[in-house]
Structures are given as structure tokens and as C-alpha cells.
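Listing of query.cif, mmCIF, C-alpha atoms (C1' of nucleotides) and all ligand atoms
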```cif
data_final
loop_
_atom_site.label_atom_id
_atom_site.label_comp_id
_atom_site.auth_asym_id
_atom_site.auth_seq_id
_atom_site.Cartn_x
_atom_site.Cartn_y
_atom_site.Cartn_z
CA MET A 1 9.53 -41.31 28.24
CA THR A 2 7.73 -37.98 28.19
CA GLN A 3 4.00 -37.65 28.56
CA ALA A 4 2.26 -37.69 25.21
CA ASN A 5 0.52 -34.31 25.19
CA SER A 6 -1.34 -33.12 28.24
CA ALA A 7 -2.08 -29.52 29.13
CA PRO A 8 0.78 -27.91 31.09
CA ALA A 9 0.04 -27.72 34.82
CA LYS A 10 -1.29 -24.33 35.93
CA ARG A 11 0.34 -22.55 38.86
CA ASN A 12 -1.15 -20.20 41.39
CA THR A 13 0.62 -16.89 41.54
CA PRO A 14 -0.01 -13.67 43.44
CA GLN A 15 -0.40 -11.90 40.10
CA LYS A 16 -3.32 -14.06 39.05
CA ALA A 17 -4.93 -13.61 42.45
CA ALA A 18 -4.48 -9.85 42.20
CA VAL A 19 -6.13 -9.63 38.80
CA LYS A 20 -8.97 -11.83 39.92
CA HIS A 21 -9.50 -9.72 43.00
CA ALA A 22 -9.33 -6.42 41.17
CA LEU A 23 -11.82 -7.70 38.63
CA GLY A 24 -14.14 -8.66 41.45
CA GLU A 25 -13.94 -5.18 42.94
CA ALA A 26 -15.03 -3.49 39.73
CA THR A 27 -18.72 -2.59 39.53
CA GLY A 28 -18.93 -3.17 35.82
CA PHE A 29 -16.91 -3.98 32.75
CA VAL A 30 -13.31 -2.84 32.70
CA SER A 31 -10.49 -3.06 30.20
CA ALA A 32 -7.15 -4.75 30.71
CA GLN A 33 -5.49 -1.35 30.61
CA GLN A 34 -7.79 0.05 33.29
CA LEU A 35 -7.21 -2.94 35.49
CA HIS A 36 -3.48 -2.60 35.05
CA GLN A 37 -3.64 1.05 36.10
CA THR A 38 -5.72 0.21 39.14
CA LEU A 39 -3.34 -2.52 40.20
CA LYS A 40 -0.32 -0.28 39.85
CA LYS A 41 -2.10 2.45 41.77
CA HIS A 42 -2.44 -0.03 44.60
CA GLY A 43 1.28 -0.68 44.58
CA SER A 44 1.43 -3.74 42.39
CA THR A 45 4.28 -4.07 39.92
CA ILE A 46 2.37 -6.47 37.71
CA GLY A 47 3.08 -6.30 34.00
CA LEU A 48 0.51 -5.34 31.41
CA ALA A 49 1.04 -8.54 29.46
CA THR A 50 0.27 -10.56 32.56
CA VAL A 51 -3.02 -8.76 33.02
CA TYR A 52 -3.95 -9.54 29.44
CA ARG A 53 -2.94 -13.17 29.82
CA THR A 54 -4.81 -13.64 33.07
CA LEU A 55 -7.99 -12.03 31.77
CA ALA A 56 -7.91 -14.21 28.69
CA ASP A 57 -7.56 -17.29 30.91
CA LEU A 58 -10.43 -16.23 33.14
CA ALA A 59 -12.66 -15.65 30.14
CA GLN A 60 -11.71 -19.04 28.76
CA ALA A 61 -12.51 -20.68 32.07
CA GLY A 62 -15.89 -18.99 32.18
CA GLU A 63 -15.00 -17.02 35.28
CA ALA A 64 -15.24 -13.73 33.42
CA ASP A 65 -17.39 -12.40 30.62
CA SER A 66 -16.02 -10.21 27.89
CA LEU A 67 -17.48 -7.81 25.41
CA GLN A 68 -16.20 -5.36 22.81
CA SER A 69 -16.57 -1.69 23.58
CA LYS A 70 -17.30 0.95 20.96
CA ASP A 71 -13.68 2.04 20.73
CA ALA A 72 -12.32 -1.35 19.82
CA GLU A 73 -11.12 -2.58 23.18
CA VAL A 74 -12.17 -5.69 25.08
CA LEU A 75 -13.88 -5.26 28.41
CA TYR A 76 -14.02 -7.90 31.13
CA ARG A 77 -16.16 -8.54 34.15
CA ALA A 78 -16.18 -11.15 36.90
CA CYS A 79 -19.29 -13.26 36.42
CA THR A 80 -21.22 -16.24 37.59
CA THR A 81 -20.43 -19.28 35.51
CA SER A 82 -24.05 -19.86 34.51
CA HIS A 83 -25.21 -18.49 31.19
CA HIS A 84 -26.63 -14.98 31.39
CA HIS A 85 -26.67 -11.58 29.74
CA HIS A 86 -26.01 -7.99 30.77
CA LEU A 87 -27.74 -4.68 31.24
CA ILE A 88 -25.04 -2.04 31.13
CA CYS A 89 -25.03 1.67 31.93
CA ARG A 90 -23.53 3.63 29.06
CA LYS A 91 -22.23 6.34 31.40
CA CYS A 92 -20.83 4.71 34.51
CA GLY A 93 -20.50 1.11 33.38
CA LEU A 94 -22.75 -0.24 36.14
CA THR A 95 -23.72 -3.75 35.12
CA LEU A 96 -26.57 -6.06 36.05
CA GLU A 97 -26.84 -9.70 35.13
CA ILE A 98 -30.09 -10.75 33.56
CA GLU A 99 -31.58 -14.07 32.56
CA ALA A 100 -34.34 -14.92 30.13
CA GLN A 101 -35.23 -18.48 29.42
CA ASN A 102 -37.60 -17.53 26.61
CA LEU A 103 -34.84 -15.65 24.94
CA GLU A 104 -32.47 -18.60 24.99
CA LYS A 105 -35.11 -20.76 23.40
CA TRP A 106 -35.94 -18.13 20.83
CA ALA A 107 -32.34 -17.69 19.76
CA ASP A 108 -31.72 -21.40 19.30
CA GLN A 109 -35.01 -21.76 17.49
CA VAL A 110 -34.22 -19.02 15.02
CA ALA A 111 -30.91 -20.67 14.27
CA THR A 112 -32.26 -24.15 13.69
CA GLU A 113 -35.23 -22.81 11.73
CA HIS A 114 -32.78 -21.39 9.22
CA GLY A 115 -30.66 -24.52 9.08
CA PHE A 116 -27.90 -23.28 11.35
CA SER A 117 -26.35 -25.68 13.87
CA GLN A 118 -24.29 -25.11 16.99
CA PRO A 119 -26.16 -21.93 17.84
CA SER A 120 -24.77 -19.31 20.19
CA HIS A 121 -25.59 -15.67 20.71
CA ASN A 122 -24.54 -12.26 21.93
CA ILE A 123 -27.21 -10.31 23.72
CA ASP A 124 -26.50 -7.13 25.65
CA ILE A 125 -28.77 -4.30 26.66
CA PHE A 126 -27.50 -0.76 27.21
CA GLY A 127 -29.03 2.30 28.79
CA VAL A 128 -28.44 5.06 31.30
CA CYS A 129 -28.92 4.00 34.91
CA ALA A 130 -30.98 5.91 37.46
CA GLY A 131 -27.89 7.17 39.25
CA CYS A 132 -26.53 8.72 36.10
CA ARG A 133 -29.59 10.79 35.43
CA MET B 1 -21.26 36.60 5.82
CA THR B 2 -20.64 32.91 6.22
CA GLN B 3 -23.33 30.44 7.08
CA ALA B 4 -23.60 29.93 10.84
CA ASN B 5 -22.88 26.21 11.16
CA SER B 6 -24.54 23.79 8.79
CA ALA B 7 -23.20 20.37 7.86
CA PRO B 8 -20.71 20.56 4.99
CA ALA B 9 -22.27 19.51 1.69
CA LYS B 10 -21.57 15.89 0.77
CA ARG B 11 -20.19 15.05 -2.63
CA ASN B 12 -20.64 11.96 -4.75
CA THR B 13 -17.37 10.35 -5.72
CA PRO B 14 -16.47 7.17 -7.57
CA GLN B 15 -14.67 5.97 -4.42
CA LYS B 16 -17.82 6.11 -2.32
CA ALA B 17 -19.76 4.34 -5.04
CA ALA B 18 -17.10 1.65 -5.26
CA VAL B 19 -17.14 0.95 -1.53
CA LYS B 20 -20.90 0.88 -1.49
CA HIS B 21 -20.97 -1.51 -4.40
CA ALA B 22 -18.31 -3.80 -3.00
CA LEU B 23 -20.14 -3.92 0.31
CA GLY B 24 -23.31 -4.89 -1.50
CA GLU B 25 -21.52 -7.73 -3.30
CA ALA B 26 -20.34 -9.31 -0.04
CA THR B 27 -22.48 -12.15 1.24
CA GLY B 28 -21.84 -11.34 4.88
CA PHE B 29 -19.87 -9.10 7.17
CA VAL B 30 -16.51 -7.87 5.95
CA SER B 31 -13.79 -5.71 7.43
CA ALA B 32 -12.49 -2.45 6.01
CA GLN B 33 -9.19 -4.15 5.28
CA GLN B 34 -10.87 -6.99 3.38
CA LEU B 35 -12.91 -4.54 1.37
CA HIS B 36 -9.81 -2.55 0.56
CA GLN B 37 -8.06 -5.68 -0.70
CA THR B 38 -11.05 -6.65 -2.81
CA LEU B 39 -11.25 -3.21 -4.36
CA LYS B 40 -7.57 -3.16 -5.20
CA LYS B 41 -7.84 -6.64 -6.66
CA HIS B 42 -10.45 -5.25 -9.01
CA GLY B 43 -8.09 -2.53 -10.14
CA SER B 44 -9.13 0.31 -7.86
CA THR B 45 -6.45 2.58 -6.44
CA ILE B 46 -8.63 3.64 -3.52
CA GLY B 47 -6.86 4.41 -0.26
CA LEU B 48 -7.40 2.46 2.93
CA ALA B 49 -8.34 5.57 4.88
CA THR B 50 -11.06 6.34 2.37
CA VAL B 51 -12.55 2.89 2.83
CA TYR B 52 -12.63 3.43 6.58
CA ARG B 53 -14.16 6.88 6.20
CA THR B 54 -16.82 5.70 3.77
CA LEU B 55 -17.81 2.72 5.90
CA ALA B 56 -18.11 4.92 8.96
CA ASP B 57 -20.37 7.26 7.00
CA LEU B 58 -22.53 4.42 5.74
CA ALA B 59 -22.91 3.05 9.25
CA GLN B 60 -23.82 6.49 10.52
CA ALA B 61 -26.42 6.88 7.81
CA GLY B 62 -27.92 3.50 8.68
CA GLU B 63 -27.06 2.05 5.28
CA ALA B 64 -24.67 -0.44 6.84
CA ASP B 65 -24.60 -2.39 10.06
CA SER B 66 -21.43 -3.01 11.99
CA LEU B 67 -20.32 -5.50 14.59
CA GLN B 68 -17.12 -6.36 16.41
CA SER B 69 -15.41 -9.57 15.43
CA LYS B 70 -13.54 -11.80 17.86
CA ASP B 71 -10.17 -10.45 16.88
CA ALA B 72 -10.90 -6.84 17.62
CA GLU B 73 -11.80 -5.56 14.20
CA VAL B 74 -15.02 -3.97 13.03
CA LEU B 75 -17.05 -5.74 10.38
CA TYR B 76 -19.58 -4.06 8.11
CA ARG B 77 -22.49 -5.20 6.01
CA ALA B 78 -24.92 -3.48 3.67
CA CYS B 79 -28.34 -3.54 5.32
CA THR B 80 -31.90 -2.38 5.15
CA THR B 81 -32.44 0.78 7.13
CA SER B 82 -35.13 -0.70 9.36
CA HIS B 83 -34.10 -2.07 12.74
CA HIS B 84 -33.17 -5.74 12.67
CA HIS B 85 -30.66 -8.32 13.90
CA HIS B 86 -28.43 -10.95 12.33
CA LEU B 87 -27.97 -14.68 12.11
CA ILE B 88 -24.38 -15.25 11.08
CA CYS B 89 -22.47 -18.34 9.95
CA ARG B 90 -19.30 -18.73 11.96
CA LYS B 91 -17.50 -20.42 9.06
CA CYS B 92 -18.38 -18.64 5.84
CA GLY B 93 -19.87 -15.44 7.19
CA LEU B 94 -23.21 -15.95 5.45
CA THR B 95 -25.65 -13.55 7.08
CA LEU B 96 -29.42 -13.42 7.34
CA GLU B 97 -31.44 -10.54 8.67
CA ILE B 98 -34.00 -11.38 11.32
CA GLU B 99 -36.71 -9.43 13.08
CA ALA B 100 -38.51 -10.06 16.34
CA GLN B 101 -40.98 -7.58 17.69
CA ASN B 102 -41.30 -9.43 20.98
CA LEU B 103 -37.60 -9.18 21.47
CA GLU B 104 -37.53 -5.45 20.97
CA LYS B 105 -40.25 -5.05 23.55
CA TRP B 106 -38.52 -7.40 25.96
CA ALA B 107 -35.21 -5.56 25.76
CA ASP B 108 -36.74 -2.15 26.39
CA GLN B 109 -38.84 -3.57 29.18
CA VAL B 110 -35.88 -5.08 30.97
CA ALA B 111 -34.08 -1.76 30.78
CA THR B 112 -36.94 0.34 32.14
CA GLU B 113 -37.77 -2.24 34.79
CA HIS B 114 -34.31 -1.72 36.22
CA GLY B 115 -34.47 2.04 36.02
CA PHE B 116 -32.41 2.40 32.87
CA SER B 117 -33.44 4.97 30.28
CA GLN B 118 -32.58 5.41 26.61
CA PRO B 119 -32.40 1.64 26.05
CA SER B 120 -30.60 0.10 23.12
CA HIS B 121 -29.30 -3.39 22.49
CA ASN B 122 -26.95 -5.68 20.65
CA ILE B 123 -28.40 -9.00 19.62
CA ASP B 124 -26.66 -11.37 17.23
CA ILE B 125 -27.06 -15.08 16.71
CA PHE B 126 -24.23 -17.25 15.44
CA GLY B 127 -24.13 -20.80 14.12
CA VAL B 128 -22.88 -22.96 11.29
CA CYS B 129 -24.99 -22.78 8.15
CA ALA B 130 -26.26 -25.80 6.21
CA GLY B 131 -23.77 -25.26 3.42
CA CYS B 132 -20.84 -25.37 5.80
CA ARG B 133 -21.72 -28.78 7.20
"C1'" DC C 1 -14.96 27.41 -17.61
"C1'" DT C 2 -13.76 28.99 -12.95
"C1'" DC C 3 -13.63 28.88 -8.23
"C1'" DT C 4 -14.48 27.05 -3.63
"C1'" DT C 5 -13.71 23.41 -0.70
"C1'" DA C 6 -15.07 18.49 0.24
"C1'" DT C 7 -12.56 14.52 -0.65
"C1'" DT C 8 -8.70 11.70 -1.54
"C1'" DG C 9 -4.38 8.92 -0.82
"C1'" DA C 10 0.15 8.25 1.14
"C1'" DC C 11 2.17 8.25 5.32
"C1'" DA C 12 2.62 9.11 10.14
"C1'" DA C 13 0.77 8.33 14.62
"C1'" DA C 14 -2.08 6.47 18.12
"C1'" DG C 15 -3.91 2.47 20.73
"C1'" DA C 16 -4.76 -2.12 21.89
"C1'" DT C 17 -3.07 -6.64 22.01
"C1'" DT C 18 0.38 -10.14 21.25
"C1'" DC C 19 5.09 -11.91 20.95
"C1'" DT C 20 9.88 -12.66 22.60
"C1'" DC C 21 12.98 -14.03 25.90
"C1'" DA C 22 15.92 -13.95 29.87
"C1'" DA C 23 14.94 -13.98 34.79
"C1'" DT C 24 12.00 -15.57 38.45
"C1'" DA C 25 9.53 -18.55 41.44
"C1'" DA C 26 5.56 -22.39 42.14
"C1'" DG C 27 5.12 -26.89 43.13
"C1'" DA C 28 6.82 -31.63 43.21
"C1'" DC C 29 9.87 -34.62 45.31
"C1'" DA C 30 13.81 -36.31 47.88
"C1'" DT D 1 13.96 -27.95 54.01
"C1'" DG D 2 16.81 -27.89 49.71
"C1'" DT D 3 16.90 -28.98 44.80
"C1'" DC D 4 15.13 -29.18 40.24
"C1'" DT D 5 11.95 -28.63 36.46
"C1'" DT D 6 9.44 -25.54 33.95
"C1'" DA D 7 5.23 -22.47 34.15
"C1'" DT D 8 5.02 -17.73 34.70
"C1'" DT D 9 6.45 -13.08 34.75
"C1'" DG D 10 7.81 -8.34 33.14
"C1'" DA D 11 9.94 -5.20 29.96
"C1'" DG D 12 10.15 -4.01 25.57
"C1'" DA D 13 9.66 -5.01 20.70
"C1'" DA D 14 6.52 -6.16 17.20
"C1'" DT D 15 1.93 -6.46 15.07
"C1'" DC D 16 -2.48 -4.95 13.82
"C1'" DT D 17 -6.45 -1.99 13.37
"C1'" DT D 18 -7.96 2.55 13.14
"C1'" DT D 19 -7.42 7.56 13.09
"C1'" DG D 20 -4.99 11.93 12.08
"C1'" DT D 21 -2.26 15.02 8.92
"C1'" DC D 22 -1.77 17.53 4.82
"C1'" DA D 23 -0.77 18.67 0.10
"C1'" DA D 24 -2.97 17.45 -4.24
"C1'" DT D 25 -7.23 16.46 -6.60
"C1'" DA D 26 -11.78 16.99 -8.39
"C1'" DA D 27 -17.17 17.53 -7.44
"C1'" DG D 28 -20.52 20.74 -8.05
"C1'" DA D 29 -22.38 25.44 -8.04
"C1'" DG D 30 -22.48 29.63 -10.50
ZN ZN E 201 -24.75 4.74 35.34
ZN ZN E 202 -28.28 -16.44 26.33
ZN ZN E 203 -21.58 -21.00 6.30
ZN ZN E 204 -33.55 -4.92 18.14
#
```
Kindly transcribe the structure held in the file into C-alpha cells.
Ligand SMILES: [Zn+2]
Ligand SMILES: [Zn+2]
Ligand SMILES: [Zn+2]
Ligand SMILES: [Zn+2]
Amino acid sequence: MTQANSAPAKRNTPQKAAVKHALGEATGFVSAQQLHQTLKKHGSTIGLATVYRTLADLAQAGEADSLQSKDAEVLYRACTTSHHHHLICRKCGLTLEIEAQNLEKWADQVATEHGFSQPSHNIDIFGVCAGCR
Amino acid sequence: MTQANSAPAKRNTPQKAAVKHALGEATGFVSAQQLHQTLKKHGSTIGLATVYRTLADLAQAGEADSLQSKDAEVLYRACTTSHHHHLICRKCGLTLEIEAQNLEKWADQVATEHGFSQPSHNIDIFGVCAGCR
DNA sequence: CTCTTATTGACAAAGATTCTCAATAAGACA
DNA sequence: TGTCTTATTGAGAATCTTTGTCAATAAGAG
């Protein structure tokens, strides 16, 4: 008698911990490739596929935020689990988390006003930080 | 005596017109690949690279807006040249243009408040339209 | 009509991400 | 602690989007 269909049990591995840690060290958004390079530079022998898999899991679990960069690659960042948005430096990648209650309300309102349900949104602000000028 | 360095003169070609027209026909955001398929289905022998090139030009000229889809591909849409944002149906892709002066102000304010210059932003709202429910 | 050269299309090439699969090791249990 | 099941890993292949290359074509000026 096998269990009907429950999610496979997750396991804790040094690789996952390493990715999580490296992501935490980053000051802003980084790509899977960058993270892989960094990890290898620090002596890790982790595989690229594993970095991709782990990042995808973290994003799914809400422990990381992701966004698409200009050159078609996905960038990740360790984040608080509460809903928020980002202010990102175009030059150095420095990232600040920002919140705006009004904004959340506005977005949902716009959606429902036009007959759209299950509203969600993507809001990111870019600029050049003080240090980069 | 050759001209110092002016932009090469643009030429009007049936291919560009076709892409522009096909983009106008679409009800929402479409990818270069989709557009290429559509064009071929209508008998055109246009090359994929040309579709990419034309879309990039349109986006540059402000005649089309672009956004990154979930699966790492760029989507385009024919748009008005004035600054605006989008409300997009997750199912059928139906897209509405929306404006919000307050929002523009808010975004720039947040940036300057934190010492960021040359502010810009990405704001998109998603949902499921009435027709898809 | 002629000539210059921007543009095109077929194909190669680059990058990012995912898939495949045999080998490894986490975690449960005796 | 030792054994066993199977989630996870890493290396490379495969896939997919996008860009680059280049000879052939054709837009537009004269
Ligand atoms: Zn900066
Ligand atoms: Zn929000
Ligand atoms: Zn819809
Ligand atoms: Zn705006």
C-alpha cells in the first residue's frame, strides 16, 4: 500500500545551504550563473543545475524574489517573506526593499474596476544610487 | 568626403509593414516567435531574424512596449507613444492600457528620497479578465 | 534606369535554462 | 550504528530564445 500522492519529502543538503548563504551575502539581485561562479570561487564543487533548482525552490517558497533582467536572464535575491517591492541601482545592483500600502490598494482596485479577478502585480523602480554617481 | 557619423537612413519595406500590421492585430502581448508564425501562416516568407530586428526597432522608437514573460521570452505590443502601464489577462493575454499620474510621482519620489537619480520603473498589473471566467 | 547601401533571410552561434541519468548521500528505522 | 529507500546531485546533452554572419536583394536618391 503506497501513499496516494503526497509531496516527496525534502532533504537538507550542504548544497542548498550554500546557495541560500551565498544569496544572503549578495547586496542585490544576482543570476544563477553569477551565484554559481561565486560558489566555485569559494571552493564549492556545486553543479550549475543544482543552483538553478535551488533558486527556483527558494522563489517558490517565497524566500527569494526574482525578476527578469534586460538581457533575458532571471535574477534572484534573498527577501523577507512579506509582500514588498524593490528600488534597484542600475549600475551596481544595490537593492532596497520598499512598501506602499496605497499602491497595493490602487493596483487591486484598477484590476477589479476593469473586471479582472485574482489581481497581482509587478512593480520595480530603477535608478542610479548615490554611491554610483 | 563622407559624412562624419549620422544615423544610416531607414528604408520602408513590406516586411516592416507586415510586422507592424500583425502587431496591431494582436489583442495583447505576443512574442517574436508567435508573430513570425502568424505571418508565415498568412503566406509571408519573412525571416525570423527580421521579425526580431523590426520589433526591437519599434520598441526603441516607442511604437511598441515590451515586457518579459514568465518563461524568459520578450513579449511585444503595439502601443501609444505616451507613457503608460498595462493591465494584462493571465489567460488570454487581453491587455488594457492604464495611466496614473499619482503613481508616476510616487515612483520618482521614492527613488529621489533614497538618493537614486535617473528614476524609471516597471509597473504591470495582472489578473483574469471577465471573459476568461 | 543606375548605383549605393540598408535590409533581408537562411544558417550558425551564443546564452540561459532545463532535462537525463547514473552515482551519491540524507533521513528513517531497526 | 548499520541498512535501506529514494531525494538529490553533477556532468553533459538537449532545448529554447535571441543575436551574429554574410551573400543576395531591393529601396530610394539622382
Ligand atoms: Zn549603485
Ligand atoms: Zn505590491
Ligand atoms: Zn482573458
Ligand atoms: Zn509610469
Which is closest to chain A among C:DA30, C:DA23, C:DC3, C:DG15, if we use all atoms listed in the file?
-> C:DG15
Counting all atoms listed in the file, give me one row per residue of chain B with an atom at most 10 Å from an atom of ligand ZN 203 (chain E), showing the shortest contact pair and its distance in Å to one decimal, sorted by chain then residue number, as a Markdown table.
```
| residue | atom | partner | partner_atom | distance |
| --- | --- | --- | --- | --- |
| B:Gly28 | CA | E:ZN203 | ZN | 9.8 |
| B:Ile88 | CA | E:ZN203 | ZN | 8.0 |
| B:Cys89 | CA | E:ZN203 | ZN | 4.6 |
| B:Arg90 | CA | E:ZN203 | ZN | 6.5 |
| B:Lys91 | CA | E:ZN203 | ZN | 5.0 |
| B:Cys92 | CA | E:ZN203 | ZN | 4.0 |
| B:Gly93 | CA | E:ZN203 | ZN | 5.9 |
| B:Leu94 | CA | E:ZN203 | ZN | 5.4 |
| B:Thr95 | CA | E:ZN203 | ZN | 8.5 |
| B:Gly127 | CA | E:ZN203 | ZN | 8.2 |
| B:Val128 | CA | E:ZN203 | ZN | 5.5 |
| B:Cys129 | CA | E:ZN203 | ZN | 4.3 |
| B:Ala130 | CA | E:ZN203 | ZN | 6.7 |
| B:Gly131 | CA | E:ZN203 | ZN | 5.6 |
| B:Cys132 | CA | E:ZN203 | ZN | 4.5 |
| B:Arg133 | CA | E:ZN203 | ZN | 7.8 |
```
Show me which residues sit within 7 Å of ligand ZN 202 (chain E) when counting all atoms listed in the file, and put them as a list in words.
-> His83, His84, His85, Leu103, Glu104, His121 and Ile123 of chain A
Chain C contacts on chain A, only C-alpha atoms (C1' of nucleotides), 9 Å, as a PyMOL selection string = chain A and resi 11-13+33+49+52+72-74
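Selecting chain D residues within 9 Å of chain A and counting all atoms listed in the file yields DA7, DT8, DT9, DG10, DA11, DT17 and DT18 of chain D.
Taking all atoms listed in the file into account, chain B lies nearest to A:Ser66 out of the set A:Ser82, A:Ser66, A:Thr27, A:Thr54.
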Distance query 9 Å from (-37.4, -11.6, 18.7) using only C-alpha atoms (C1' of nucleotides), result as a PDB file with C-alpha atoms, in the frame of the given file:
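result_22.pdb was written with the following content:
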```
ATOM      1  CA  LEU A 103     -34.840 -15.650  24.940  1.00  0.00           C
ATOM      2  CA  TRP A 106     -35.940 -18.130  20.830  1.00  0.00           C
ATOM      3  CA  ALA A 107     -32.340 -17.690  19.760  1.00  0.00           C
ATOM      4  CA  VAL A 110     -34.220 -19.020  15.020  1.00  0.00           C
TER       5      VAL A 110
ATOM      6  CA  HIS B  85     -30.660  -8.320  13.900  1.00  0.00           C
ATOM      7  CA  ILE B  98     -34.000 -11.380  11.320  1.00  0.00           C
ATOM      8  CA  GLU B  99     -36.710  -9.430  13.080  1.00  0.00           C
ATOM      9  CA  ALA B 100     -38.510 -10.060  16.340  1.00  0.00           C
ATOM     10  CA  GLN B 101     -40.980  -7.580  17.690  1.00  0.00           C
ATOM     11  CA  ASN B 102     -41.300  -9.430  20.980  1.00  0.00           C
ATOM     12  CA  LEU B 103     -37.600  -9.180  21.470  1.00  0.00           C
ATOM     13  CA  GLU B 104     -37.530  -5.450  20.970  1.00  0.00           C
ATOM     14  CA  LYS B 105     -40.250  -5.050  23.550  1.00  0.00           C
ATOM     15  CA  TRP B 106     -38.520  -7.400  25.960  1.00  0.00           C
TER      16      TRP B 106
END
```
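Nearest to ligand ZN 201 (chain E) of all the residues A:Lys41, A:Asp65, A:Ala56, A:Phe126 is A:Phe126, based on all atoms listed in the file.
Computed from the coordinates, the atom CA of A:His114 to atom CA of B:Ile125 distance equals 11.3 Å.
Counting from atom CA of B:Gly24, the distance to atom CA of B:Ala78 is 5.6 Å.
Straight-line separation from atom CA of A:Glu63 to atom CA of A:Thr80: 6.7 Å.
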Around all listed atoms of stretch 6-22 of chain D, padded 6 Å per side, what centre and edge lengths does the axis-aligned box have in Å to one decimal, as AutoDock Vina command-line options?
```
--center_x 1.1 --center_y -4.0 --center_z 19.8 --size_x 30.1 --size_y 55.1 --size_z 41.9
```
